[in-house]
Amino acid sequence: MTSKSLHSFLEENIADLKEKGLYNDIEPVEGPNGPTITIDGKELINLSSNNYLGLATDERLKKVAKEAVDSHGVGAGAVRTINGTLDVHIELEKKLAEFKDTEAAISYQSGFNCNMAAISAIMDKNDAILSDELNHASIIDGCRLSKAKIIRVNHSDMDDLRKKAKEAVESGNYNKIMVITDGVFSMDGDVALLPEIVDIAEEFDLITYVDDAHGSGVMGKGAGTVKHFGLQHRIDLQMGTLSKAIGVVGGYVAGKTNLIDWLKVRSRPFLFSTAVTPADAVASTKAIELLMESTELNEKLWENSEYLKAGLKKLGFDIGDSETPITPCVIGDELDTQKFSKKLYEEGVYAKSIVFPTVPKGTGRVRNMPSAAHTKEMLDDALQIYEKVGKEIGVIS
Ligand SMILES: *Cc1c(COP(=O)(O)O)cnc(C)c1O
């Protein structure tokens with residue numbers, strides 16, 4: 001008996017994915033990720049980025065980022081706990097706490113890293129975590145890393161949450177119990193039932209953790225899903241990303257001072273991985289300032305979303321029950337979905353297909369992400385292309 005070589009493992013598994021149509025070929029974008037993008041020399045209307053407010057290419061952010069390169073260099077130089085905490089990181093964290101209306105905030109290199117960092121700094125093998133079944137991959141991995149017992153809760157099912165919370169408490173098996181949820185669920189665009197979740201959490205003394213990666217900049221006039229519901233003083237950990245609506249890169253956790261103090265000494269990505277660059281930090285700070293000063297971009301985002309949704313609905317597409325700008329266009333069959341997305345591409349719209357296992361079998365969809373940066377003309381063009389392709393493939397009549 002010999003063990004399998006890396007080469008044969010890779011050859012077999014890649015071939016298997018390709019055969020099942022699950023291998024993802026990545027198409028590089030030539031230039032900025034704006035409302036239109038260029039791929040392979042072809043200009044496309046971009047309905048796939050998370051750049052909700054268009055800030056990834058905003059001139060005001062570009063300006064401060066360039067200035068930061070001149071004043072602070074291109075790298076932080078060390079992990080935060082040695083001497084990689086620069087004044088610009090502190091300014092970012094102050095601004096984040098203000099933005100989230102919490103006592104303090106800590107920044108990380110990415111949203112994914114936040115979930116790796118914060119969950120395992122708080123929870124351990126003697127604890128349990130009640131986790132919505134549709135939570136993001138980084139939440140799932142963060143929970144696994146903590147070694148706590150993971151209790152899956154049916155999606156947004158408050159009876160199931162209450163029942164499982166009660167069971168967990170009454171079992172006496174756990175030291176601490178956390179309830180963790182996305183603020184906005186990224187595939188369907190529905191919003192977590194935070195007021196109910198918080199009530200249940202308070203009834204059973206649960207720690208509350210909201211990952212608002214898709215909510216910040218979008219919900220609550222930009223301030224996020226937690227503030228949308230006015231719950232900022234009743235949620236223990238508010239996690240977010242600086243890479244979606246904020247347009248840059250990085251992540252953060254906002255909460256009480258003692259929580260943030262603890263994360264600064266106990267969360268491993270903070271201790272063992274270098275901080276975001278000065279340009280990232282100042283650009284994020286600037287973005288948050290812009291959001292706090294004006295709701296103009298946020299309003300534009302919602303206006304464009306309503307416009308696209310109404311247009312698709314009128315054409316007869318099934319756009320699900322999204323409550324946010326995330327606009328799925330459900331096709332159903334996996335191969336049809338891929339064909340649909342490919343046709344859109346050929347006609348000039350970039351909207352990626354999302355199929356099993358990311359979403360349940362038979363609910364393949366093309367996910368549209370309208371942004372504040374799209375013009376009416378771009379959205380009209382996209383709708384025309386949707387109509388043409390939808391009729392060709394027979395999704396609409
Ligand atoms: C995108 C996303 C993340 C990861 O954020 P990054 O900053 O891109 O690492 C985490 N959680 C949720 C719910 C997300 O949608």
# chains A, B, ... in the order shown; residues from 1 in each chain; ligands from 1
call {"tool": "select_by_dssp", "arguments": {"residues": "stretch 313-347 of chain A", "states": "alpha helix (DSSP H)", "output": "JSON, numbers by chain"}}
result
{"A": [313, 314, 315, 334, 335, 336, 337, 338, 339, 340, 341, 342, 343, 344, 345, 346, 347]}
call {"tool": "residues_near_ligand", "arguments": {"ligand": "ligand 1", "cutoff": "9 Å", "atoms": "only C-alpha atoms and all ligand atoms", "output": "short mmCIF file (atom, residue, chain, number, x, y, z; two decimals) with all heavy atoms, in the first residue's frame"}}
result
data_model
loop_
_atom_site.label_atom_id
_atom_site.label_comp_id
_atom_site.auth_asym_id
_atom_site.auth_seq_id
_atom_site.Cartn_x
_atom_site.Cartn_y
_atom_site.Cartn_z
N ASN A 50 -19.50 43.54 -5.06
CA ASN A 50 -20.07 43.95 -3.77
C ASN A 50 -19.80 45.43 -3.50
O ASN A 50 -19.94 45.88 -2.38
CB ASN A 50 -19.46 43.12 -2.64
CG ASN A 50 -19.81 41.66 -2.75
OD1 ASN A 50 -20.95 41.32 -3.03
ND2 ASN A 50 -18.84 40.80 -2.54
N TYR A 108 -9.33 44.43 11.52
CA TYR A 108 -8.57 43.25 11.07
C TYR A 108 -8.29 43.39 9.58
O TYR A 108 -8.76 44.31 8.93
CB TYR A 108 -9.38 41.98 11.33
CG TYR A 108 -9.57 41.65 12.79
CD1 TYR A 108 -10.72 42.07 13.48
CD2 TYR A 108 -8.62 40.92 13.49
CE1 TYR A 108 -10.89 41.75 14.81
CE2 TYR A 108 -8.80 40.61 14.83
CZ TYR A 108 -9.93 41.02 15.49
OH TYR A 108 -10.11 40.72 16.80
N GLN A 109 -7.58 42.40 9.05
CA GLN A 109 -7.16 42.45 7.65
C GLN A 109 -8.30 42.12 6.68
O GLN A 109 -8.22 42.44 5.50
CB GLN A 109 -6.00 41.47 7.42
CG GLN A 109 -4.81 41.70 8.33
CD GLN A 109 -4.95 40.97 9.67
OE1 GLN A 109 -6.03 40.51 10.05
NE2 GLN A 109 -3.86 40.89 10.40
N SER A 110 -9.31 41.43 7.18
CA SER A 110 -10.46 41.11 6.32
C SER A 110 -11.64 40.73 7.19
O SER A 110 -11.48 40.45 8.39
CB SER A 110 -10.14 39.94 5.37
OG SER A 110 -10.12 38.72 6.08
N GLY A 111 -12.80 40.70 6.58
CA GLY A 111 -13.98 40.24 7.28
C GLY A 111 -13.85 38.77 7.65
O GLY A 111 -14.23 38.35 8.74
N PHE A 112 -13.32 38.00 6.73
CA PHE A 112 -13.11 36.57 6.98
C PHE A 112 -12.26 36.39 8.24
O PHE A 112 -12.57 35.59 9.12
CB PHE A 112 -12.42 35.93 5.76
CG PHE A 112 -12.62 34.44 5.67
CD1 PHE A 112 -13.49 33.90 4.74
CD2 PHE A 112 -11.93 33.58 6.51
CE1 PHE A 112 -13.67 32.53 4.65
CE2 PHE A 112 -12.10 32.20 6.43
CZ PHE A 112 -12.97 31.67 5.50
N ASN A 113 -11.19 37.17 8.29
CA ASN A 113 -10.29 37.12 9.45
C ASN A 113 -10.99 37.49 10.76
O ASN A 113 -10.67 36.94 11.81
CB ASN A 113 -9.15 38.11 9.22
CG ASN A 113 -7.82 37.39 9.16
OD1 ASN A 113 -7.73 36.19 9.43
ND2 ASN A 113 -6.79 38.12 8.82
N CYS A 114 -11.91 38.43 10.70
CA CYS A 114 -12.66 38.82 11.91
C CYS A 114 -13.35 37.60 12.51
O CYS A 114 -13.33 37.41 13.73
CB CYS A 114 -13.76 39.81 11.57
SG CYS A 114 -13.20 41.43 11.16
N ASN A 115 -13.99 36.82 11.63
CA ASN A 115 -14.72 35.67 12.14
C ASN A 115 -13.78 34.58 12.65
O ASN A 115 -14.11 33.89 13.61
CB ASN A 115 -15.69 35.15 11.09
CG ASN A 115 -16.89 36.07 10.92
OD1 ASN A 115 -17.26 36.79 11.86
ND2 ASN A 115 -17.49 36.08 9.75
N ASN A 135 -25.71 30.83 7.43
CA ASN A 135 -24.59 31.73 7.75
C ASN A 135 -23.42 31.54 6.78
O ASN A 135 -23.20 30.47 6.22
CB ASN A 135 -24.10 31.49 9.19
CG ASN A 135 -24.94 32.24 10.20
OD1 ASN A 135 -25.67 33.18 9.85
ND2 ASN A 135 -24.85 31.86 11.46
N HIS A 136 -22.67 32.62 6.64
CA HIS A 136 -21.53 32.67 5.71
C HIS A 136 -20.42 31.67 6.08
O HIS A 136 -20.24 31.36 7.26
CB HIS A 136 -20.97 34.10 5.76
CG HIS A 136 -19.93 34.40 4.72
ND1 HIS A 136 -18.60 34.43 5.01
CD2 HIS A 136 -20.04 34.69 3.40
CE1 HIS A 136 -17.93 34.74 3.91
NE2 HIS A 136 -18.78 34.91 2.92
N ALA A 137 -19.70 31.24 5.07
CA ALA A 137 -18.61 30.27 5.27
C ALA A 137 -17.62 30.70 6.35
O ALA A 137 -17.12 29.87 7.12
CB ALA A 137 -17.87 30.07 3.94
N SER A 138 -17.34 31.98 6.43
CA SER A 138 -16.35 32.44 7.42
C SER A 138 -16.89 32.31 8.84
O SER A 138 -16.12 32.10 9.79
CB SER A 138 -15.92 33.89 7.14
OG SER A 138 -17.03 34.76 7.17
N ILE A 139 -18.19 32.40 9.00
CA ILE A 139 -18.79 32.18 10.33
C ILE A 139 -18.65 30.70 10.67
O ILE A 139 -18.24 30.34 11.79
CB ILE A 139 -20.29 32.58 10.36
CG1 ILE A 139 -20.45 34.07 10.10
CG2 ILE A 139 -20.93 32.16 11.67
CD1 ILE A 139 -21.89 34.56 10.17
N THR A 181 -25.36 35.26 13.63
CA THR A 181 -26.13 35.35 12.37
C THR A 181 -25.55 36.40 11.43
O THR A 181 -24.94 37.37 11.86
CB THR A 181 -27.61 35.69 12.66
OG1 THR A 181 -28.35 35.69 11.42
CG2 THR A 181 -27.77 37.06 13.31
N ASP A 182 -25.76 36.18 10.14
CA ASP A 182 -25.55 37.24 9.16
C ASP A 182 -26.61 38.31 9.44
O ASP A 182 -27.73 37.98 9.85
CB ASP A 182 -25.83 36.71 7.74
CG ASP A 182 -24.66 35.94 7.12
OD1 ASP A 182 -23.81 35.43 7.85
OD2 ASP A 182 -24.65 35.86 5.88
N GLY A 183 -26.30 39.57 9.18
CA GLY A 183 -27.31 40.63 9.26
C GLY A 183 -28.18 40.58 8.02
O GLY A 183 -29.41 40.61 8.09
N VAL A 184 -27.53 40.47 6.86
CA VAL A 184 -28.20 40.30 5.57
C VAL A 184 -27.64 39.02 4.97
O VAL A 184 -26.42 38.84 4.92
CB VAL A 184 -27.90 41.48 4.62
CG1 VAL A 184 -28.44 41.21 3.22
CG2 VAL A 184 -28.48 42.79 5.16
N PHE A 185 -28.52 38.13 4.52
CA PHE A 185 -28.05 36.86 3.95
C PHE A 185 -27.71 37.07 2.48
O PHE A 185 -28.53 37.58 1.71
CB PHE A 185 -29.11 35.78 4.17
CG PHE A 185 -29.21 35.40 5.62
CD1 PHE A 185 -30.08 36.08 6.47
CD2 PHE A 185 -28.39 34.42 6.16
CE1 PHE A 185 -30.15 35.76 7.82
CE2 PHE A 185 -28.45 34.10 7.51
CZ PHE A 185 -29.33 34.77 8.34
N SER A 186 -26.49 36.67 2.14
CA SER A 186 -25.91 37.13 0.88
C SER A 186 -26.49 36.50 -0.38
O SER A 186 -26.37 37.07 -1.45
CB SER A 186 -24.40 36.93 0.91
OG SER A 186 -24.09 35.59 1.19
N ASP A 211 -22.87 39.35 11.96
CA ASP A 211 -21.95 39.59 10.85
C ASP A 211 -22.70 40.42 9.83
O ASP A 211 -23.59 39.92 9.14
CB ASP A 211 -21.51 38.25 10.27
CG ASP A 211 -20.66 38.40 9.00
OD1 ASP A 211 -20.70 39.48 8.38
OD2 ASP A 211 -19.97 37.42 8.64
N ASP A 212 -22.36 41.70 9.75
CA ASP A 212 -23.13 42.59 8.89
C ASP A 212 -22.38 42.98 7.62
O ASP A 212 -22.49 44.11 7.14
CB ASP A 212 -23.54 43.84 9.69
CG ASP A 212 -24.85 44.43 9.18
OD1 ASP A 212 -25.62 43.69 8.53
OD2 ASP A 212 -25.08 45.62 9.42
N ALA A 213 -21.65 42.02 7.06
CA ALA A 213 -20.85 42.29 5.86
C ALA A 213 -21.68 42.90 4.73
O ALA A 213 -21.25 43.84 4.07
CB ALA A 213 -20.17 41.01 5.39
N HIS A 214 -22.90 42.36 4.52
CA HIS A 214 -23.74 42.88 3.44
C HIS A 214 -24.74 43.94 3.91
O HIS A 214 -25.54 44.44 3.12
CB HIS A 214 -24.51 41.73 2.76
CG HIS A 214 -23.68 40.99 1.77
ND1 HIS A 214 -23.46 41.44 0.49
CD2 HIS A 214 -22.99 39.83 1.88
CE1 HIS A 214 -22.68 40.58 -0.15
NE2 HIS A 214 -22.38 39.59 0.67
N GLY A 215 -24.69 44.27 5.20
CA GLY A 215 -25.64 45.25 5.72
C GLY A 215 -25.06 46.64 5.86
O GLY A 215 -25.74 47.65 5.65
N MET A 239 -19.86 42.64 13.75
CA MET A 239 -18.72 42.44 12.86
C MET A 239 -19.07 42.98 11.48
O MET A 239 -20.24 42.94 11.07
CB MET A 239 -18.41 40.94 12.84
CG MET A 239 -17.37 40.52 11.87
SD MET A 239 -18.21 39.96 10.40
CE MET A 239 -17.01 40.20 9.15
N GLY A 240 -18.07 43.50 10.79
CA GLY A 240 -18.34 44.00 9.44
C GLY A 240 -17.10 43.94 8.57
O GLY A 240 -16.01 43.64 9.04
N THR A 241 -17.31 44.21 7.30
CA THR A 241 -16.18 44.22 6.37
C THR A 241 -15.96 45.62 5.82
O THR A 241 -16.90 46.42 5.75
CB THR A 241 -16.41 43.23 5.21
OG1 THR A 241 -15.32 43.36 4.30
CG2 THR A 241 -17.69 43.51 4.46
N LEU A 242 -14.73 45.89 5.44
CA LEU A 242 -14.41 47.16 4.78
C LEU A 242 -14.27 46.96 3.27
O LEU A 242 -13.86 47.85 2.55
CB LEU A 242 -13.12 47.73 5.38
CG LEU A 242 -13.21 48.03 6.89
CD1 LEU A 242 -11.84 48.33 7.48
CD2 LEU A 242 -14.16 49.19 7.16
N SER A 243 -14.61 45.74 2.82
CA SER A 243 -14.36 45.40 1.41
C SER A 243 -15.61 45.41 0.54
O SER A 243 -15.51 45.29 -0.66
CB SER A 243 -13.73 44.01 1.33
OG SER A 243 -14.69 43.03 1.70
N LYS A 244 -16.77 45.56 1.13
CA LYS A 244 -17.98 45.56 0.31
C LYS A 244 -18.43 47.02 0.10
O LYS A 244 -17.81 47.71 -0.68
CB LYS A 244 -19.04 44.65 0.92
CG LYS A 244 -18.58 43.19 0.77
CD LYS A 244 -19.52 42.13 1.23
CE LYS A 244 -18.96 40.76 0.85
NZ LYS A 244 -18.94 39.81 1.96
N VAL A 248 -12.97 49.07 0.18
CA VAL A 248 -11.51 48.95 0.32
C VAL A 248 -11.18 47.49 0.67
O VAL A 248 -11.51 46.59 -0.08
CB VAL A 248 -10.97 49.95 1.37
CG1 VAL A 248 -9.44 50.06 1.31
CG2 VAL A 248 -11.57 51.35 1.15
N VAL A 249 -10.54 47.25 1.79
CA VAL A 249 -10.29 45.89 2.26
C VAL A 249 -10.10 45.95 3.77
O VAL A 249 -9.63 46.96 4.30
CB VAL A 249 -9.06 45.26 1.56
CG1 VAL A 249 -7.75 45.86 2.04
CG2 VAL A 249 -9.02 43.75 1.74
N GLY A 250 -10.47 44.88 4.45
CA GLY A 250 -10.32 44.86 5.90
C GLY A 250 -11.64 44.49 6.55
O GLY A 250 -12.65 44.31 5.87
N GLY A 251 -11.59 44.33 7.87
CA GLY A 251 -12.80 44.01 8.60
C GLY A 251 -12.71 44.59 10.00
O GLY A 251 -11.67 45.15 10.38
N TYR A 252 -13.80 44.49 10.75
CA TYR A 252 -13.79 45.05 12.10
C TYR A 252 -14.81 44.38 12.99
O TYR A 252 -15.77 43.77 12.51
CB TYR A 252 -14.05 46.56 12.07
CG TYR A 252 -15.37 46.90 11.42
CD1 TYR A 252 -16.54 46.95 12.16
CD2 TYR A 252 -15.45 47.12 10.05
CE1 TYR A 252 -17.76 47.22 11.55
CE2 TYR A 252 -16.67 47.38 9.43
CZ TYR A 252 -17.81 47.43 10.19
OH TYR A 252 -19.01 47.68 9.59
#
call {"tool": "residues_around", "arguments": {"residues": "A:Asn154", "least_positions_apart": "2", "cutoff": "12 Å", "atoms": "only C-alpha atoms", "output": "list in words"}}
result
Leu130, Ser131, Asp132, Glu133, Leu134, Asn135, Ile151, Arg152, Ser156, Asp157, Met158, Asp159, Asp160, Leu161, Arg162, Lys163, Lys164 and Thr181 of chain A
call {"tool": "write_last_selection", "arguments": {"atoms": "N, CA and C atoms", "output": "tab-separated table (two decimals), in the first residue's frame"}}
result
chain	number	residue	atom	x	y	z
A	130	LEU	N	-25.22	28.78	18.60
A	130	LEU	CA	-26.43	28.60	17.80
A	130	LEU	C	-26.22	29.38	16.51
A	131	SER	N	-26.16	28.65	15.38
A	131	SER	CA	-25.76	29.27	14.12
A	131	SER	C	-26.81	29.04	13.04
A	132	ASP	N	-27.29	30.11	12.43
A	132	ASP	CA	-28.27	29.98	11.34
A	132	ASP	C	-27.68	29.13	10.22
A	133	GLU	N	-28.50	28.24	9.65
A	133	GLU	CA	-27.97	27.31	8.64
A	133	GLU	C	-27.47	28.02	7.38
A	134	LEU	N	-27.90	29.26	7.15
A	134	LEU	CA	-27.43	29.96	5.95
A	134	LEU	C	-26.29	30.94	6.25
A	135	ASN	N	-25.71	30.83	7.43
A	135	ASN	CA	-24.59	31.73	7.75
A	135	ASN	C	-23.42	31.54	6.78
A	151	ILE	N	-24.54	24.34	17.03
A	151	ILE	CA	-25.94	23.91	16.93
A	151	ILE	C	-26.58	24.67	15.77
A	152	ARG	N	-26.87	23.92	14.69
A	152	ARG	CA	-27.45	24.56	13.51
A	152	ARG	C	-28.91	24.91	13.74
A	156	SER	N	-33.68	31.53	9.87
A	156	SER	CA	-34.62	32.55	10.38
A	156	SER	C	-35.88	31.95	11.01
A	157	ASP	N	-35.71	30.80	11.65
A	157	ASP	CA	-36.84	30.13	12.29
A	157	ASP	C	-36.75	30.39	13.80
A	158	MET	N	-37.56	31.34	14.27
A	158	MET	CA	-37.43	31.78	15.66
A	158	MET	C	-37.91	30.74	16.66
A	159	ASP	N	-38.88	29.89	16.23
A	159	ASP	CA	-39.30	28.81	17.14
A	159	ASP	C	-38.17	27.82	17.33
A	160	ASP	N	-37.47	27.53	16.23
A	160	ASP	CA	-36.34	26.60	16.31
A	160	ASP	C	-35.21	27.20	17.17
A	161	LEU	N	-34.97	28.49	16.99
A	161	LEU	CA	-33.91	29.13	17.79
A	161	LEU	C	-34.24	29.08	19.28
A	162	ARG	N	-35.48	29.44	19.61
A	162	ARG	CA	-35.89	29.44	21.01
A	162	ARG	C	-35.79	28.04	21.62
A	163	LYS	N	-36.27	27.05	20.86
A	163	LYS	CA	-36.27	25.67	21.33
A	163	LYS	C	-34.83	25.20	21.58
A	164	LYS	N	-33.94	25.48	20.62
A	164	LYS	CA	-32.56	25.02	20.75
A	164	LYS	C	-31.79	25.79	21.82
A	181	THR	N	-25.36	35.26	13.63
A	181	THR	CA	-26.13	35.35	12.37
A	181	THR	C	-25.55	36.40	11.43
call {"tool": "residues_around", "arguments": {"residues": "A:Ile129", "least_positions_apart": "5", "cutoff": "7 Å", "atoms": "only C-alpha atoms", "output": "list of chain:residue names"}}
result
A:Ala148, A:Lys149, A:Ile150, A:Ile151, A:Ile177, A:Met178, A:Val179
call {"tool": "write_last_selection", "arguments": {"atoms": "all heavy atoms", "output": "PDB file, in the first residue's frame"}}
result
ATOM      1  N   ALA A 148     -16.153  25.035  19.879  1.00  0.00           N
ATOM      2  CA  ALA A 148     -17.437  25.012  20.597  1.00  0.00           C
ATOM      3  C   ALA A 148     -18.396  24.067  19.874  1.00  0.00           C
ATOM      4  O   ALA A 148     -18.217  23.776  18.688  1.00  0.00           O
ATOM      5  CB  ALA A 148     -18.030  26.420  20.642  1.00  0.00           C
ATOM      6  N   LYS A 149     -19.408  23.607  20.571  1.00  0.00           N
ATOM      7  CA  LYS A 149     -20.452  22.774  19.959  1.00  0.00           C
ATOM      8  C   LYS A 149     -21.276  23.677  19.037  1.00  0.00           C
ATOM      9  O   LYS A 149     -21.795  24.720  19.471  1.00  0.00           O
ATOM     10  CB  LYS A 149     -21.330  22.198  21.076  1.00  0.00           C
ATOM     11  CG  LYS A 149     -22.613  21.590  20.607  1.00  0.00           C
ATOM     12  CD  LYS A 149     -22.417  20.205  20.066  1.00  0.00           C
ATOM     13  CE  LYS A 149     -23.752  19.627  19.602  1.00  0.00           C
ATOM     14  NZ  LYS A 149     -23.545  18.376  18.852  1.00  0.00           N
ATOM     15  N   ILE A 150     -21.373  23.285  17.762  1.00  0.00           N
ATOM     16  CA  ILE A 150     -22.141  24.101  16.819  1.00  0.00           C
ATOM     17  C   ILE A 150     -23.554  23.529  16.702  1.00  0.00           C
ATOM     18  O   ILE A 150     -23.732  22.362  16.362  1.00  0.00           O
ATOM     19  CB  ILE A 150     -21.460  24.142  15.434  1.00  0.00           C
ATOM     20  CG1 ILE A 150     -20.053  24.752  15.566  1.00  0.00           C
ATOM     21  CG2 ILE A 150     -22.305  24.932  14.440  1.00  0.00           C
ATOM     22  CD1 ILE A 150     -19.152  24.503  14.381  1.00  0.00           C
ATOM     23  N   ILE A 151     -24.544  24.345  17.026  1.00  0.00           N
ATOM     24  CA  ILE A 151     -25.942  23.910  16.935  1.00  0.00           C
ATOM     25  C   ILE A 151     -26.582  24.670  15.772  1.00  0.00           C
ATOM     26  O   ILE A 151     -26.759  25.892  15.836  1.00  0.00           O
ATOM     27  CB  ILE A 151     -26.695  24.195  18.253  1.00  0.00           C
ATOM     28  CG1 ILE A 151     -25.979  23.496  19.424  1.00  0.00           C
ATOM     29  CG2 ILE A 151     -28.152  23.760  18.146  1.00  0.00           C
ATOM     30  CD1 ILE A 151     -26.471  23.911  20.800  1.00  0.00           C
ATOM     31  N   ILE A 177     -23.040  30.425  25.874  1.00  0.00           N
ATOM     32  CA  ILE A 177     -23.778  30.106  24.640  1.00  0.00           C
ATOM     33  C   ILE A 177     -23.897  31.383  23.813  1.00  0.00           C
ATOM     34  O   ILE A 177     -24.228  32.450  24.333  1.00  0.00           O
ATOM     35  CB  ILE A 177     -25.182  29.529  24.937  1.00  0.00           C
ATOM     36  CG1 ILE A 177     -25.066  28.300  25.861  1.00  0.00           C
ATOM     37  CG2 ILE A 177     -25.900  29.159  23.645  1.00  0.00           C
ATOM     38  CD1 ILE A 177     -26.393  27.779  26.383  1.00  0.00           C
ATOM     39  N   MET A 178     -23.594  31.253  22.515  1.00  0.00           N
ATOM     40  CA  MET A 178     -23.657  32.401  21.610  1.00  0.00           C
ATOM     41  C   MET A 178     -24.700  32.145  20.533  1.00  0.00           C
ATOM     42  O   MET A 178     -24.887  31.010  20.112  1.00  0.00           O
ATOM     43  CB  MET A 178     -22.273  32.595  20.951  1.00  0.00           C
ATOM     44  CG  MET A 178     -22.206  33.643  19.855  1.00  0.00           C
ATOM     45  SD  MET A 178     -20.571  33.700  19.038  1.00  0.00           S
ATOM     46  CE  MET A 178     -19.651  34.734  20.162  1.00  0.00           C
ATOM     47  N   VAL A 179     -25.356  33.202  20.075  1.00  0.00           N
ATOM     48  CA  VAL A 179     -26.179  33.099  18.867  1.00  0.00           C
ATOM     49  C   VAL A 179     -25.506  33.980  17.816  1.00  0.00           C
ATOM     50  O   VAL A 179     -25.132  35.119  18.093  1.00  0.00           O
ATOM     51  CB  VAL A 179     -27.665  33.468  19.107  1.00  0.00           C
ATOM     52  CG1 VAL A 179     -27.828  34.853  19.722  1.00  0.00           C
ATOM     53  CG2 VAL A 179     -28.456  33.389  17.807  1.00  0.00           C
TER      54      VAL A 179
END
call {"tool": "atom_distance", "arguments": {"atom1": "atom CA of A:Ala65", "atom2": "atom CA of A:Ile39"}}
result
25.8 Å
call {"tool": "residues_around", "arguments": {"residues": "A:Lys42", "least_positions_apart": "5", "cutoff": "12 Å", "atoms": "only C-alpha atoms", "output": "NGL selection string"}}
result
:A and (27-31 or 36-37 or 345-350)
call {"tool": "atom_distance", "arguments": {"atom1": "atom CA of A:Cys143", "atom2": "atom CA of A:Ile119"}}
result
6.2 Å
call {"tool": "closest_atom_pairs", "arguments": {"of": "stretch 17-113 of chain A", "to": "stretch 298-322 of chain A", "cutoff": "12 Å", "atoms": "only C-alpha atoms", "output": "Markdown table"}}
result
| residue | atom | partner | partner_atom | distance |
| --- | --- | --- | --- | --- |
| A:Pro35 | CA | A:Asn304 | CA | 11.9 |
| A:Leu47 | CA | A:Leu308 | CA | 10.5 |
| A:Asn50 | CA | A:Leu301 | CA | 11.7 |
| A:Asn51 | CA | A:Leu301 | CA | 10.4 |
| A:Tyr52 | CA | A:Leu301 | CA | 6.8 |
| A:Leu53 | CA | A:Leu301 | CA | 6.5 |
| A:Gly54 | CA | A:Leu301 | CA | 9.2 |
| A:Leu55 | CA | A:Asn298 | CA | 11.2 |
call {"tool": "write_last_selection", "arguments": {"atoms": "C-alpha atoms", "output": "PDB file, in the first residue's frame"}}
result
ATOM      1  CA  PRO A  35     -20.277  49.748 -12.733  1.00  0.00           C
ATOM      2  CA  LEU A  47     -23.860  43.254 -11.857  1.00  0.00           C
ATOM      3  CA  ASN A  50     -20.069  43.953  -3.773  1.00  0.00           C
ATOM      4  CA  ASN A  51     -19.006  47.532  -4.431  1.00  0.00           C
ATOM      5  CA  TYR A  52     -22.494  48.712  -3.407  1.00  0.00           C
ATOM      6  CA  LEU A  53     -21.774  52.417  -3.241  1.00  0.00           C
ATOM      7  CA  GLY A  54     -19.156  52.669  -5.967  1.00  0.00           C
ATOM      8  CA  LEU A  55     -16.543  53.620  -3.385  1.00  0.00           C
TER       9      LEU A  55
END
call {"tool": "residues_around", "arguments": {"residues": "stretch 230-232 of chain A", "least_positions_apart": "5", "cutoff": "10 Å", "atoms": "only C-alpha atoms", "output": "JSON, numbers by chain"}}
result
{"A": [100, 101, 102, 194, 195, 198, 220, 224, 225, 237, 238, 254, 255]}
call {"tool": "closest_atom_pairs", "arguments": {"of": "stretch 159-205 of chain A", "to": "stretch 369-375 of chain A", "cutoff": "12 Å", "atoms": "only C-alpha atoms", "output": "JSON lines"}}
result
{"residue": "A:Ser186", "atom": "CA", "partner": "A:Met369", "partner_atom": "CA", "distance": 10.4}
{"residue": "A:Met187", "atom": "CA", "partner": "A:Met369", "partner_atom": "CA", "distance": 10.7}
{"residue": "A:Asp188", "atom": "CA", "partner": "A:Met369", "partner_atom": "CA", "distance": 11.5}
{"residue": "A:Gly189", "atom": "CA", "partner": "A:Met369", "partner_atom": "CA", "distance": 10.2}
call {"tool": "closest_residue", "arguments": {"among": "A:Ile140, A:Ile354, A:Lys361, A:Ile331", "to": "A:Gly394", "atoms": "only C-alpha atoms"}}
result
A:Ile331
call {"tool": "atom_distance", "arguments": {"atom1": "atom CA of A:Val276", "atom2": "atom CA of A:Ile288"}}
result
16.2 Å
call {"tool": "select_by_dssp", "arguments": {"residues": "stretch 154-252 of chain A", "states": "strand (DSSP E)", "output": "MDAnalysis selection string"}}
result
chainID A and resid 177:182 207:211 237:241 251:252
call {"tool": "closest_residue", "arguments": {"among": "A:Ser146, A:Asn175, A:Ser8, A:Ser267", "to": "A:Arg80", "atoms": "only C-alpha atoms"}}
result
A:Ser267
call {"tool": "residues_around", "arguments": {"residues": "A:Lys62", "least_positions_apart": "4", "cutoff": "10 Å", "atoms": "only C-alpha atoms", "output": "NGL selection string"}}
result
:A and (55-58 or 66-68 or 279-280 or 282-283 or 286)
call {"tool": "closest_atom_pairs", "arguments": {"of": "stretch 248-363 of chain A", "to": "stretch 71-76 of chain A", "cutoff": "7 Å", "atoms": "only C-alpha atoms", "output": "tab-separated table"}}
result
residue	atom	partner	partner_atom	distance
A:Thr274	CA	A:Ala76	CA	6.9
A:Ala275	CA	A:Ala76	CA	6.0
A:Val276	CA	A:Ala76	CA	6.7
A:Thr277	CA	A:Gly75	CA	4.8
A:Pro278	CA	A:His72	CA	6.3
call {"tool": "write_last_selection", "arguments": {"atoms": "C-alpha atoms", "output": "compact mmCIF listing (two decimals), in the first residue's frame"}}
result
# COMPACT_ATOMS: atom_id res chain seq x y z
CA THR A 274 0.32 42.23 9.84
CA ALA A 275 -2.27 44.99 9.77
CA VAL A 276 -3.83 46.54 6.65
CA THR A 277 -1.70 49.07 4.81
CA PRO A 278 -1.87 52.80 5.66
